[in-house]
Amino acid sequence: MTYVKEGVVTIVQESRFQLTDDNGVSHLFLLDRNAAAEPAQLAPLQARQARVRVTYEPARNLIGLVARSVRLLPPSQAR
Amino acid sequence: MNMHPRALEHAYSTLDHVIPNESELTAGVRIEAGRSYGFFTDTTVCIGCKACEVACKEWNNLPADNIGLTGQSFDNTGALSANSWRHVAFVEKSGANGLRGGQDQKFQSGWLMMSDVCKHCHNAPCLEACPTGALFKTEFDTVVVQQDICNGCGYCVPACPFGVIDVSTVDGKAHKCTLCYDRLKGGLEPACAKSCPTDSIQFGELSDLQIRAAERVEHLHGIGVDSAYLYGTPGAPGATGDLGHLNAFFLLIDRPEVYNLPAAPTRPANRVAPSLATGLATVAALALASAFLFAPQRGERP
């Protein structure tokens, strides 16, 4: 079962990142090994404070979420 | 009260900029590339507050793992892992080899607590085992995994004699303490050492730390804690088997095994030559035996 969250990437460490949603709530994501994104692509997203859409699943035995894909939202969809 | 002269430069509690070389104020050391840095963990003053664990997870954005009860007293992380780069061990025992020995109340136990971490070995076996070069020595003499190069082969996991490094089941890459490489580059003290309320974890230049640790051991011996010794300094337990020395070393008051540390860790690379020689000798012996067994006997036609 996959879910979707939108927000701004606020912290990046290796393949882990924090997404702050529109309500100001922060969520910890871990990039999945088969994700449609590379860890090296996360830092520029954080630097640009770009709005992204993350498809994710809950992680097993971790308080975190496993990101399956990270998609950059076009400027028109950005708030 | 001893105050660093540079503290006077920052009289206000709200700052509009990052303090340059902040580690001078918090750890009394200026971080410069080309020097050797590490941790001195004095377990005799560890109170098991886990501030180091929390600070590490907070700074490195690491998720909490091992959800549920471990059944191991106050230990909830259990062990070092891909997501827990600091682990506070709680060892419950009666008395503590000189510390509070015989003074415990009947209803109390003695506790040995130690904040375990990657040892950043001088001759790091994980680094030697890495086939891609993802593990490297930084300009601060620490050992770090480059995530974009790690292919998740996991060779480093059995190579580490301390069981520190681990491959994440989520991203499939090896993870361990970086000794806050990013903070060091910014002139900041590592998060765990900065958060330690009792200075059980001390960060600094390795030569200074080793002197400080030797003085601490001498002081403890002077007040009757004869069991105090260093683990990981040159020539001491923990720095065996060609590891050289450990950049993260410990002051212990019981056998290393009590703290879940190996008594005599070694580099697996030391066993390559004997293993190869044994293998070659075995092949030669088998060849010789088969030559004798299957060679034509006297009088037999070939």
# chains A, B, ... in the order shown; residues from 1 in each chain; ligands from 1
$ interface_residues --of "chain B" --to "chain A" --cutoff "12 Å" --atoms "only C-alpha atoms" --output "VMD selection string"
chain B and resid 56 to 69 77 81 to 84 144 to 152 167 to 176 178 180 to 183
$ residues_around --residues "range 205-216 of chain B" --least-positions-apart "2" --cutoff "7 Å" --atoms "only C-alpha atoms" --output "PyMOL selection string"
chain B and resi 36-38+40+218-220+233+247
$ select_by_dssp --residues "range 3-78 of chain A" --states "alpha helix (DSSP H)" --output "JSON list (two decimals) with N, CA, C and O atoms, in the first residue's frame"
[["chain", "number", "residue", "atom", "x", "y", "z"],
["A", 42, "LEU", "N", 18.95, 14.65, -3.80],
["A", 42, "LEU", "CA", 18.16, 15.21, -2.69],
["A", 42, "LEU", "C", 18.70, 16.57, -2.23],
["A", 42, "LEU", "O", 17.93, 17.48, -1.94],
["A", 43, "ALA", "N", 20.03, 16.66, -2.14],
["A", 43, "ALA", "CA", 20.62, 17.91, -1.62],
["A", 43, "ALA", "C", 20.22, 19.13, -2.45],
["A", 43, "ALA", "O", 19.85, 20.17, -1.86],
["A", 44, "PRO", "N", 20.25, 19.06, -3.81],
["A", 44, "PRO", "CA", 19.80, 20.23, -4.58],
["A", 44, "PRO", "C", 18.33, 20.59, -4.32],
["A", 44, "PRO", "O", 17.97, 21.76, -4.32],
["A", 45, "LEU", "N", 17.49, 19.56, -4.06],
["A", 45, "LEU", "CA", 16.08, 19.84, -3.76],
["A", 45, "LEU", "C", 15.96, 20.64, -2.47],
["A", 45, "LEU", "O", 15.16, 21.56, -2.34],
["A", 46, "GLN", "N", 16.80, 20.26, -1.49],
["A", 46, "GLN", "CA", 16.78, 20.96, -0.20],
["A", 46, "GLN", "C", 17.29, 22.39, -0.38],
["A", 46, "GLN", "O", 16.73, 23.34, 0.16],
["A", 47, "ALA", "N", 18.35, 22.53, -1.18],
["A", 47, "ALA", "CA", 18.94, 23.85, -1.39],
["A", 47, "ALA", "C", 17.96, 24.79, -2.08],
["A", 47, "ALA", "O", 17.89, 25.97, -1.77],
["A", 48, "ARG", "N", 17.18, 24.21, -3.01],
["A", 48, "ARG", "CA", 16.21, 25.03, -3.76],
["A", 48, "ARG", "C", 14.91, 25.22, -3.01],
["A", 48, "ARG", "O", 14.05, 25.97, -3.44]]
$ residues_around --residues "Ile19 in chain B" --least-positions-apart "4" --cutoff "9 Å" --atoms "only C-alpha atoms" --output "list in words"
His10, Leu15, Gly187 and Leu188 of chain B
$ select_by_dssp --residues "chain A" --states "strand (DSSP E or B)" --output "VMD selection string"
chain A and resid 3 to 13 16 to 20 26 to 31 51 to 58 62 to 63 65 to 72
$ write_last_selection --atoms "C-alpha atoms" --output "PDB file, in the first residue's frame"
ATOM      1  CA  TYR A   3       0.711   6.766   0.086  1.00  0.00           C
ATOM      2  CA  VAL A   4       1.544  10.248  -1.163  1.00  0.00           C
ATOM      3  CA  LYS A   5       2.782  13.348   0.619  1.00  0.00           C
ATOM      4  CA  GLU A   6       3.648  16.784  -0.735  1.00  0.00           C
ATOM      5  CA  GLY A   7       5.875  19.371   0.808  1.00  0.00           C
ATOM      6  CA  VAL A   8       9.314  20.910   0.920  1.00  0.00           C
ATOM      7  CA  VAL A   9      12.551  19.008   1.558  1.00  0.00           C
ATOM      8  CA  THR A  10      14.010  20.720   4.603  1.00  0.00           C
ATOM      9  CA  ILE A  11      16.857  18.420   5.745  1.00  0.00           C
ATOM     10  CA  VAL A  12      18.985  15.961   3.777  1.00  0.00           C
ATOM     11  CA  GLN A  13      21.497  13.507   5.222  1.00  0.00           C
ATOM     12  CA  ARG A  16      17.486  10.292   4.401  1.00  0.00           C
ATOM     13  CA  PHE A  17      15.452  13.448   4.151  1.00  0.00           C
ATOM     14  CA  GLN A  18      12.869  15.391   6.056  1.00  0.00           C
ATOM     15  CA  LEU A  19       9.772  16.609   4.248  1.00  0.00           C
ATOM     16  CA  THR A  20       7.774  19.436   5.800  1.00  0.00           C
ATOM     17  CA  SER A  26       7.834  17.165   9.328  1.00  0.00           C
ATOM     18  CA  HIS A  27       8.188  13.557   8.190  1.00  0.00           C
ATOM     19  CA  LEU A  28      11.348  11.466   8.031  1.00  0.00           C
ATOM     20  CA  PHE A  29      11.879   9.563   4.785  1.00  0.00           C
ATOM     21  CA  LEU A  30      14.447   6.983   3.755  1.00  0.00           C
ATOM     22  CA  LEU A  31      15.069   6.585   0.056  1.00  0.00           C
ATOM     23  CA  ARG A  51       8.137  21.439  -3.632  1.00  0.00           C
ATOM     24  CA  VAL A  52       8.018  17.697  -4.193  1.00  0.00           C
ATOM     25  CA  ARG A  53       5.568  14.823  -4.185  1.00  0.00           C
ATOM     26  CA  VAL A  54       6.774  11.709  -2.412  1.00  0.00           C
ATOM     27  CA  THR A  55       5.238   8.272  -2.894  1.00  0.00           C
ATOM     28  CA  TYR A  56       5.977   6.168   0.148  1.00  0.00           C
ATOM     29  CA  GLU A  57       5.265   3.132   2.275  1.00  0.00           C
ATOM     30  CA  PRO A  58       5.585   2.770   6.051  1.00  0.00           C
ATOM     31  CA  LEU A  62      11.493   1.897  11.981  1.00  0.00           C
ATOM     32  CA  ILE A  63       9.872   5.195  12.859  1.00  0.00           C
ATOM     33  CA  LEU A  65       8.772   6.245   5.880  1.00  0.00           C
ATOM     34  CA  VAL A  66      10.281   4.537   2.842  1.00  0.00           C
ATOM     35  CA  ALA A  67      10.210   6.836  -0.197  1.00  0.00           C
ATOM     36  CA  ARG A  68       9.493   4.971  -3.444  1.00  0.00           C
ATOM     37  CA  SER A  69       9.631   8.041  -5.668  1.00  0.00           C
ATOM     38  CA  VAL A  70      10.325  11.752  -5.324  1.00  0.00           C
ATOM     39  CA  ARG A  71       8.854  13.955  -8.042  1.00  0.00           C
ATOM     40  CA  LEU A  72       9.510  17.639  -8.471  1.00  0.00           C
TER      41      LEU A  72
END
$ atom_distance --atom1 "CA of Glu53 in chain B" --atom2 "CA of Ser195 in chain B"
9.4 Å
$ residues_around --residues "Met3 in chain B" --least-positions-apart "6" --cutoff "12 Å" --atoms "only C-alpha atoms" --output "MDAnalysis selection string"
chainID B and resid 9 24:28
$ write_last_selection --atoms "N, CA, C and O atoms" --output "mmCIF file, in the first residue's frame"
data_model
loop_
_atom_site.group_PDB
_atom_site.id
_atom_site.type_symbol
_atom_site.label_atom_id
_atom_site.label_comp_id
_atom_site.auth_asym_id
_atom_site.auth_seq_id
_atom_site.Cartn_x
_atom_site.Cartn_y
_atom_site.Cartn_z
ATOM 1 N N GLU B 9 32.945 37.199 22.635
ATOM 2 C CA GLU B 9 32.550 37.728 21.321
ATOM 3 C C GLU B 9 31.058 37.531 21.069
ATOM 4 O O GLU B 9 30.491 38.133 20.177
ATOM 5 N N GLU B 24 35.900 25.552 19.285
ATOM 6 C CA GLU B 24 36.839 26.163 20.238
ATOM 7 C C GLU B 24 36.119 26.502 21.544
ATOM 8 O O GLU B 24 36.690 26.405 22.626
ATOM 9 N N LEU B 25 34.859 26.924 21.407
ATOM 10 C CA LEU B 25 34.090 27.305 22.591
ATOM 11 C C LEU B 25 33.508 26.100 23.304
ATOM 12 O O LEU B 25 33.400 26.076 24.524
ATOM 13 N N THR B 26 33.094 25.085 22.533
ATOM 14 C CA THR B 26 32.389 23.956 23.153
ATOM 15 C C THR B 26 33.319 22.813 23.543
ATOM 16 O O THR B 26 33.041 22.104 24.513
ATOM 17 N N ALA B 27 34.399 22.621 22.798
ATOM 18 C CA ALA B 27 35.297 21.497 23.094
ATOM 19 C C ALA B 27 36.734 21.933 23.337
ATOM 20 O O ALA B 27 37.585 21.099 23.647
ATOM 21 N N GLY B 28 36.999 23.209 23.180
ATOM 22 C CA GLY B 28 38.358 23.710 23.415
ATOM 23 C C GLY B 28 39.355 23.272 22.368
ATOM 24 O O GLY B 28 40.547 23.181 22.650
#
$ residues_around --residues "Cys118 in chain B" --least-positions-apart "3" --cutoff "12 Å" --atoms "only C-alpha atoms" --output "number ranges by chain"
B: 38-39, 41, 79-82, 84-87, 115, 121-122, 124, 126, 142-145, 160-166, 175-180, 232, 246-250, 261
$ atom_distance --atom1 "CA of Val29 in chain B" --atom2 "CA of Gly204 in chain B"
6.0 Å
$ atom_distance --atom1 "CA of Cys52 in chain B" --atom2 "CA of Pro5 in chain B"
27.1 Å
